[in-house]
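S.K.: Got a file for you: coords.txt, compact mmCIF, C-alpha atoms.
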```txt
# COMPACT_ATOMS: atom_id res chain seq x y z
CA VAL Z 1 7.14 -20.89 -61.45
CA LEU Z 2 3.78 -19.26 -62.14
CA TYR Z 3 1.75 -20.64 -65.08
CA LEU Z 4 -1.15 -18.34 -65.82
CA GLY Z 5 -1.79 -19.44 -69.41
CA GLY Z 6 -2.21 -23.07 -68.41
CA GLY Z 7 -4.41 -22.14 -65.44
CA LYS Z 8 -1.82 -23.33 -62.85
CA VAL Z 9 -0.49 -21.46 -59.74
CA ILE Z 10 2.94 -22.11 -58.22
CA ASP Z 11 4.41 -25.23 -59.87
CA GLY Z 12 0.98 -26.41 -60.95
CA SER Z 13 -0.30 -27.68 -57.54
CA TRP Z 14 -3.02 -25.00 -57.10
CA THR Z 15 -5.44 -23.55 -59.53
CA VAL Z 16 -6.29 -19.85 -59.53
CA GLY Z 17 -9.69 -20.74 -58.12
CA SER Z 18 -8.19 -22.76 -55.27
CA PHE Z 19 -5.77 -19.98 -54.42
CA THR Z 20 -8.56 -17.38 -54.47
CA ALA Z 21 -10.71 -19.54 -52.23
CA TYR Z 22 -7.79 -19.96 -49.81
CA LEU Z 23 -7.29 -16.20 -49.59
CA ALA Z 24 -11.00 -15.63 -48.96
CA ILE Z 25 -11.14 -18.27 -46.23
CA PHE Z 26 -7.94 -16.94 -44.62
CA ALA Z 27 -9.29 -13.39 -44.56
CA ALA Z 28 -12.55 -14.56 -43.01
CA LEU Z 29 -10.81 -16.63 -40.33
CA SER Z 30 -8.34 -13.87 -39.44
CA GLY Z 31 -11.21 -11.47 -38.92
CA LYS Z 32 -12.98 -13.95 -36.66
CA ALA Z 33 -9.77 -14.59 -34.71
CA SER Z 34 -9.29 -10.86 -34.18
CA LYS Z 35 -12.86 -10.51 -32.89
CA THR Z 36 -12.32 -13.49 -30.58
CA ALA Z 37 -9.31 -11.78 -28.99
CA LYS Z 38 -11.36 -8.61 -28.48
CA LEU Z 39 -14.20 -10.67 -27.04
CA PHE Z 40 -11.82 -12.20 -24.47
CA THR Z 41 -10.71 -8.71 -23.38
CA SER Z 42 -14.33 -7.56 -23.13
CA TYR Z 43 -15.18 -10.66 -21.08
CA GLN Z 44 -12.45 -9.88 -18.55
CA LYS Z 45 -13.71 -6.30 -18.16
CA ALA Z 46 -17.30 -7.45 -17.82
CA LYS Z 47 -16.32 -10.05 -15.22
CA VAL Z 48 -14.75 -7.39 -12.99
CA SER Z 49 -17.78 -5.12 -13.37
CA TRP Z 50 -20.14 -7.99 -12.58
CA GLU Z 51 -18.28 -8.83 -9.36
CA ARG Z 52 -18.68 -5.22 -8.28
CA ILE Z 53 -22.42 -4.93 -8.88
CA LYS Z 54 -23.50 -8.53 -8.12
CA GLN Z 55 -23.86 -7.90 -4.41
CA TYR Z 56 -26.32 -5.07 -5.08
CA LEU Z 57 -28.61 -7.26 -7.21
CA THR Z 58 -29.37 -9.80 -4.49
CA PRO Z 59 -32.50 -9.40 -2.34
CA HIS Z 60 -31.92 -7.06 0.60
CA GLN Z 61 -31.44 -8.75 3.93
CA ARG Z 62 -31.82 -6.71 7.06
CA THR Z 63 -28.72 -6.76 9.24
CA ASP Z 64 -29.17 -8.23 12.68
CA GLN Z 65 -28.69 -5.23 14.94
CA ALA Z 66 -29.33 -7.03 18.21
CA ASP Z 67 -26.29 -6.28 20.33
CA HIS Z 68 -26.51 -6.16 24.09
CA ALA Z 69 -22.87 -6.95 24.91
CA LEU Z 70 -21.33 -3.58 24.07
CA THR Z 71 -19.61 -2.24 27.17
CA LEU Z 72 -17.30 0.59 28.07
CA PRO Z 73 -14.62 0.88 29.33
CA ALA Z 74 -12.57 -1.53 27.25
CA LYS Z 75 -9.87 -4.17 27.56
CA LEU Z 76 -7.88 -5.48 24.59
CA THR Z 77 -5.88 -8.71 24.75
CA VAL Z 78 -3.84 -9.89 21.76
CA HIS Z 79 -2.09 -13.24 22.11
CA ASP Z 80 0.23 -14.96 19.61
CA LEU Z 81 -1.26 -13.04 16.68
CA CYS Z 82 -0.18 -14.23 13.23
CA PHE Z 83 -1.57 -12.66 10.08
CA THR Z 84 -1.31 -13.42 6.37
CA TYR Z 85 -3.37 -11.75 3.68
CA PRO Z 86 -5.69 -14.06 1.70
CA GLU Z 87 -4.09 -15.49 -1.46
CA SER Z 88 -0.64 -14.72 -0.05
CA GLU Z 89 1.87 -16.99 1.61
CA GLU Z 90 3.99 -14.25 3.22
CA MET Z 91 3.35 -13.79 6.92
CA LYS Z 92 3.01 -10.09 7.73
CA ILE Z 93 2.66 -10.38 11.53
CA SER Z 94 4.27 -13.17 13.50
CA HIS Z 95 3.46 -14.23 17.09
CA LEU Z 96 2.65 -10.75 18.43
CA SER Z 97 1.19 -10.42 21.93
CA PHE Z 98 0.20 -7.36 23.98
CA GLN Z 99 -2.69 -5.99 26.02
CA ALA Z 100 -4.19 -2.61 26.77
CA ASP Z 101 -6.90 -1.08 28.94
CA SER Z 102 -9.29 1.80 28.40
CA GLY Z 103 -7.73 5.25 28.49
CA GLN Z 104 -4.44 3.98 27.07
CA ILE Z 105 -2.83 4.97 23.78
CA LEU Z 106 -0.75 2.37 21.96
CA GLY Z 107 1.86 3.72 19.58
CA VAL Z 108 2.74 1.43 16.66
CA THR Z 109 5.73 2.27 14.49
CA GLY Z 110 8.45 0.70 12.40
CA PRO Z 111 10.19 0.97 9.03
CA VAL Z 112 8.42 0.73 5.67
CA ALA Z 113 6.80 -2.67 5.02
CA SER Z 114 7.18 -3.74 8.65
CA GLY Z 115 3.46 -4.43 9.05
CA LYS Z 116 2.15 -1.28 10.75
CA THR Z 117 -0.93 -0.89 8.57
CA THR Z 118 -1.39 -4.66 8.51
CA LEU Z 119 -1.68 -4.68 12.31
CA GLY Z 120 -4.46 -2.10 12.06
CA VAL Z 121 -6.21 -4.25 9.44
CA ALA Z 122 -5.96 -7.32 11.68
CA LEU Z 123 -7.26 -5.47 14.75
CA GLY Z 124 -10.12 -4.10 12.66
CA GLY Z 125 -11.44 -7.60 12.03
CA LEU Z 126 -11.38 -7.25 8.24
CA TYR Z 127 -9.57 -10.54 7.53
CA PRO Z 128 -9.08 -13.96 9.17
CA TYR Z 129 -6.17 -14.29 11.58
CA GLU Z 130 -4.41 -16.87 13.71
CA GLY Z 131 -4.01 -16.53 17.44
CA SER Z 132 -6.37 -14.49 19.58
CA ILE Z 133 -7.75 -10.94 19.56
CA GLN Z 134 -10.15 -10.37 22.44
CA LEU Z 135 -12.01 -7.14 23.13
CA ASN Z 136 -13.74 -7.17 26.51
CA GLY Z 137 -13.41 -10.95 26.54
CA GLU Z 138 -15.04 -11.42 23.12
CA GLU Z 139 -13.02 -13.11 20.39
CA LEU Z 140 -13.04 -10.83 17.36
CA ARG Z 141 -13.51 -13.60 14.80
CA GLU Z 142 -16.73 -14.69 16.52
CA LEU Z 143 -18.43 -11.30 16.16
CA THR Z 144 -20.71 -10.31 13.29
CA PRO Z 145 -19.74 -7.38 11.03
CA PHE Z 146 -22.38 -5.24 12.74
CA GLN Z 147 -21.02 -6.07 16.20
CA ILE Z 148 -17.49 -5.24 15.04
CA SER Z 149 -18.68 -1.88 13.69
CA ARG Z 150 -20.16 -1.12 17.11
CA ARG Z 151 -16.91 -1.93 18.91
CA ILE Z 152 -14.17 -0.73 16.59
CA ALA Z 153 -13.67 2.54 14.71
CA VAL Z 154 -10.96 2.58 12.04
CA LEU Z 155 -9.33 5.57 10.39
CA SER Z 156 -7.26 4.30 7.46
CA HIS Z 157 -4.15 6.08 6.26
CA ARG Z 158 -6.03 7.09 3.09
CA PRO Z 159 -9.48 8.14 4.31
CA GLN Z 160 -12.14 9.08 1.77
CA LEU Z 161 -14.48 12.02 2.28
CA LEU Z 162 -17.90 12.10 0.66
CA SER Z 163 -18.97 14.85 -1.69
CA ASP Z 164 -21.26 16.24 0.98
CA SER Z 165 -21.24 18.62 3.92
CA ILE Z 166 -18.83 18.51 6.85
CA TYR Z 167 -21.74 17.51 9.09
CA HIS Z 168 -22.78 14.52 7.02
CA ASN Z 169 -19.17 13.40 6.51
CA ILE Z 170 -18.83 13.10 10.28
CA THR Z 171 -22.24 11.74 11.26
CA LEU Z 172 -22.71 9.47 8.20
CA GLY Z 173 -26.48 9.83 8.38
CA ASP Z 174 -26.89 9.82 12.16
CA GLY Z 175 -28.12 12.90 13.95
CA GLY Z 176 -26.37 14.69 16.77
CA ASP Z 177 -24.15 17.60 17.70
CA ILE Z 178 -20.64 17.52 16.23
CA ALA Z 179 -19.32 20.66 17.93
CA THR Z 180 -17.61 18.66 20.67
CA VAL Z 181 -15.77 16.30 18.39
CA LEU Z 182 -14.72 19.19 16.12
CA HIS Z 183 -13.19 20.85 19.16
CA HIS Z 184 -11.34 17.63 20.03
CA VAL Z 185 -9.70 17.54 16.60
CA CYS Z 186 -8.93 21.29 16.68
CA PHE Z 187 -11.26 22.12 13.80
CA ASP Z 188 -13.44 24.68 15.56
CA GLU Z 189 -11.19 27.60 14.57
CA ASP Z 190 -11.21 26.50 10.92
CA LEU Z 191 -15.00 26.30 11.06
CA LYS Z 192 -15.26 29.96 12.12
CA ARG Z 193 -13.68 30.98 8.80
CA MET Z 194 -16.28 29.04 6.79
CA PRO Z 195 -19.46 31.07 6.14
CA GLN Z 196 -21.64 27.94 5.86
CA GLY Z 197 -20.15 26.32 8.97
CA ILE Z 198 -20.85 22.61 9.32
CA ASP Z 199 -22.94 22.75 6.14
CA THR Z 200 -19.84 23.57 4.08
CA MET Z 201 -19.56 21.20 1.12
CA VAL Z 202 -16.17 19.48 1.03
CA GLY Z 203 -16.26 18.50 -2.65
CA SER Z 204 -15.28 15.19 -4.19
CA SER Z 205 -12.84 13.44 -1.82
CA GLY Z 206 -12.58 16.69 0.16
CA VAL Z 207 -11.02 18.66 -2.69
CA ARG Z 208 -12.27 21.97 -1.26
CA LEU Z 209 -10.38 21.45 2.00
CA SER Z 210 -6.68 21.48 2.75
CA GLY Z 211 -4.89 18.22 3.49
CA GLY Z 212 -4.83 18.97 7.21
CA GLN Z 213 -8.55 19.80 7.24
CA GLN Z 214 -9.37 16.59 5.41
CA ALA Z 215 -7.37 14.58 7.94
CA ARG Z 216 -9.11 16.19 10.91
CA ILE Z 217 -12.60 15.71 9.43
CA ALA Z 218 -11.81 12.03 8.88
CA LEU Z 219 -10.49 11.79 12.45
CA ALA Z 220 -13.65 13.46 13.79
CA ARG Z 221 -15.71 10.85 11.94
CA ALA Z 222 -13.78 8.03 13.63
CA LEU Z 223 -14.26 9.64 17.06
CA TYR Z 224 -17.90 10.68 16.65
CA HIS Z 225 -19.34 7.31 17.69
CA GLU Z 226 -17.34 6.43 20.77
CA THR Z 227 -16.26 2.79 20.53
CA PRO Z 228 -14.14 0.62 22.85
CA LEU Z 229 -11.32 0.40 20.28
CA ILE Z 230 -10.25 3.25 17.98
CA ILE Z 231 -7.57 2.51 15.36
CA LEU Z 232 -5.88 5.53 13.80
CA ASP Z 233 -3.53 4.79 10.91
CA ASP Z 234 -1.19 7.73 10.32
CA PRO Z 235 -3.84 10.36 11.15
CA PHE Z 236 -1.44 13.30 11.51
CA SER Z 237 0.69 13.06 8.36
CA ALA Z 238 -0.92 16.26 6.98
CA VAL Z 239 -1.21 18.03 10.35
CA ASP Z 240 1.43 20.33 11.84
CA MET Z 241 3.23 19.24 15.00
CA LYS Z 242 1.60 21.85 17.26
CA THR Z 243 -1.91 20.78 16.28
CA GLU Z 244 -0.92 17.12 16.57
CA ARG Z 245 0.12 17.58 20.19
CA LYS Z 246 -3.15 19.38 21.00
CA ILE Z 247 -5.19 16.56 19.48
CA ILE Z 248 -3.24 13.90 21.38
CA ALA Z 249 -3.84 15.81 24.62
CA ASN Z 250 -7.57 15.92 23.84
CA LEU Z 251 -7.63 12.19 23.07
CA LYS Z 252 -6.00 11.37 26.40
CA LYS Z 253 -8.37 13.68 28.26
CA TYR Z 254 -11.74 12.98 26.65
CA TYR Z 255 -11.56 9.34 25.51
CA GLN Z 256 -10.80 7.59 28.76
CA ASN Z 257 -13.30 4.82 28.01
CA SER Z 258 -11.61 3.80 24.77
CA ILE Z 259 -8.34 2.21 23.72
CA LEU Z 260 -6.56 4.14 20.99
CA VAL Z 261 -4.12 2.45 18.63
CA LEU Z 262 -1.99 5.14 16.97
CA ILE Z 263 -0.10 3.85 13.93
CA SER Z 264 2.47 6.38 12.82
CA HIS Z 265 5.98 6.88 11.51
CA ARG Z 266 6.14 10.26 13.30
CA LEU Z 267 7.37 9.72 16.85
CA ALA Z 268 7.13 13.21 18.34
CA VAL Z 269 4.00 12.33 20.36
CA PHE Z 270 5.12 8.80 21.28
CA PRO Z 271 6.39 9.95 24.70
CA ASP Z 272 2.69 10.54 25.50
CA THR Z 273 1.69 6.97 24.63
CA ASP Z 274 1.27 4.24 27.25
CA LEU Z 275 2.87 1.46 25.17
CA VAL Z 276 5.05 1.52 22.08
CA ILE Z 277 5.15 -1.44 19.69
CA LEU Z 278 8.09 -1.41 17.27
CA LEU Z 279 7.56 -3.71 14.30
CA LYS Z 280 10.48 -4.85 12.16
CA THR Z 281 10.77 -6.05 8.57
CA ASN Z 282 11.94 -9.49 9.75
CA ARG Z 283 8.54 -9.86 11.52
CA GLU Z 284 10.09 -9.52 14.97
CA SER Z 285 8.88 -6.83 17.35
CA GLU Z 286 9.86 -4.92 20.47
CA GLN Z 287 7.56 -3.19 22.92
CA GLY Z 288 7.58 -1.14 26.08
CA VAL Z 289 6.93 2.38 27.30
CA HIS Z 290 8.73 5.12 25.40
CA ASP Z 291 11.58 5.72 27.87
CA GLU Z 292 12.23 2.01 28.36
CA LEU Z 293 12.32 1.35 24.64
CA LEU Z 294 14.78 4.20 24.11
CA GLU Z 295 17.15 2.40 26.47
CA SER Z 296 16.56 -1.19 25.41
CA SER Z 297 16.10 -0.87 21.62
CA SER Z 298 18.88 0.52 19.45
CA ASP Z 299 16.51 0.59 16.46
CA TYR Z 300 13.91 2.69 18.27
CA HIS Z 301 16.57 4.94 19.80
CA THR Z 302 18.12 5.62 16.39
CA LEU Z 303 14.74 6.24 14.74
CA TYR Z 304 13.61 8.62 17.47
CA GLN Z 305 16.86 10.58 17.62
CA LEU Z 306 16.95 11.01 13.85
CA GLN Z 307 13.42 12.42 13.82
CA MET Z 308 14.04 14.74 16.75
CA GLY Z 309 17.19 15.99 15.07
CA GLU Z 310 15.30 16.73 11.84
CA GLU Z 311 12.57 18.60 13.72
CA ALA Z 312 15.13 20.68 15.62
CA HIS Z 313 16.84 21.52 12.33
CA GLU Z 314 13.54 22.56 10.71
CA ALA Z 315 12.65 24.69 13.74
```
Could I get this file's structure written as structure tokens?
M.R.:
Amino acid sequence: VLYLGGGKVIDGSWTVGSFTAYLAIFAALSGKASKTAKLFTSYQKAKVSWERIKQYLTPHQRTDQADHALTLPAKLTVHDLCFTYPESEEMKISHLSFQADSGQILGVTGPVASGKTTLGVALGGLYPYEGSIQLNGEELRELTPFQISRRIAVLSHRPQLLSDSIYHNITLGDGGDIATVLHHVCFDEDLKRMPQGIDTMVGSSGVRLSGGQQARIALARALYHETPLIILDDPFSAVDMKTERKIIANLKKYYQNSILVLISHRLAVFPDTDLVILLKTNRESEQGVHDELLESSSDYHTLYQLQMGEEAHEA
């Protein structure tokens, strides 16, 4: 019951003044609570931004570039490799062992989520690992980032091109002639149709080039500085089969001092590899030369025959 004449509100427990004061305090507190929620959201955004720029605000420290142990040709020995991403408990690679010498091409394949890209990440020295990865007798985990960059070139399955010229995208600030490496990736004919040649601007992320041209420029960048180990993660997904075979032939011919790890789900060029590693979703693996694996592995045989059948149908 509301008693206005007697100055009472609700059954007489509150006065009009008390009720008005309550409403004013409630409105003030609700506004503050709303701003607090927005402040929490802003804090989370600022925290992410700070983590990104913090490293650039510290005093510059010159990287130690003393490295006298770089040798070619190369030898890669992987023993009992186990790999789990930081902050994850799921093992992506389990007890994998293999070895390779310079001039060899290792083909790595398997179904989706079998660990193909993860193997490339592990061999690139980007994360801690268990077991042993030795390149020319040096344990990868014991090398500095600069030493790793001198020994290993990595082409990820999603390479990024700079909004700059073809020349600078390949050399990354170093001088030198890129005609040879462009020939190796079958880009010399494309270059003839570009009026500005190697000074052609590729646009943001290579938007002015076709997908196949972007892939070959990124591949040329990985090959430009010859390193003992070259890791190529799905480099030919946007390249036609004829060009892919030419590039593989060039890699075998001109990069005899390096070990090439070719990670791919396309198996047409796997007969030209020296070792095939088949990864499985249950973290097991099979390996051998192409012909041997066709005979010994039903999974590899089925995968290869299905792809060859699709290519024959498309042809």
S.K.: List every residue of range 66-169 of chain Z that has an atom at most 10 Å from any atom of range 294-307 of chain Z, giving for each one its closest atom pair and the distance in Å to one decimal, counting all atoms listed in the file, sorted by chain and then by ascending residue number, as a tab-separated table.
M.R.:
```
residue	atom	partner	partner_atom	distance
Z:Thr109	CA	Z:Tyr300	CA	9.0
Z:Gly110	CA	Z:Tyr300	CA	8.3
Z:Pro111	CA	Z:Leu303	CA	9.0
```
S.K.: Using only C-alpha atoms, which of Z:Leu223, Z:Leu191, Z:Ile152, Z:Leu229 sits nearest Asp101 in chain Z?
M.R.: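 For Asp101 in chain Z, the nearest of the given residues is Z:Leu229.
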S.K.: My list of candidates is Z:Val154, Z:Ile248, Z:Met308, Z:Ile217. Which is closest to Thr200 in chain Z when distances are computed with only C-alpha atoms?
M.R.: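 That would be Z:Ile217, the residue with the smallest distance to Thr200 in chain Z.
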S.K.: Counting all atoms listed in the file, I want the residues whose atoms come within 12 Å of (-1.1, 19.7, 17.2) in the file frame, returned as a list in words.
M.R.: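 Within the cut-off we find His184, Val185, Cys186, Phe187, Gly212, Arg216, Pro235, Phe236, Ser237, Ala238, Val239, Asp240, Met241, Lys242, Thr243, Glu244, Arg245, Lys246, Ile247, Ile248, Ala249, Asn250, Leu251, Ala268 and Val269 of chain Z.
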S.K.: I'd like the neighbourhood of range 174-181 of chain Z as a ChimeraX atom specification, where a residue qualifies if any of its atoms comes within 8 Å (using only C-alpha atoms), though same-chain residues fewer than 4 positions away should be ignored.
M.R.: /Z:167,170,185,188,220,223-224
S.K.: Give the answer as one residue: which of Z:Gly107, Z:Tyr127, Z:His225, Z:Glu286 has the shortest atom-to-atom distance to Pro145 in chain Z, using only C-alpha atoms?
M.R.: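 Closest residue, counting only C-alpha atoms: Z:Tyr127.
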S.K.: In Å, rounded to a single decimal, give me how far CA of Ile277 in chain Z is from CA of Val289 in chain Z.
M.R.: 8.7 Å
S.K.: CA of Ser258 in chain Z and CA of Ala222 in chain Z, how far apart in Å?
M.R.: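 Answer for the CA of Ala222 in chain Z to CA of Ser258 in chain Z separation: 12.1 Å.
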S.K.: Measure the distance from CA of Ser94 in chain Z to CA of Gln147 in chain Z in Å and round it to one decimal.
M.R.: 26.4 Å
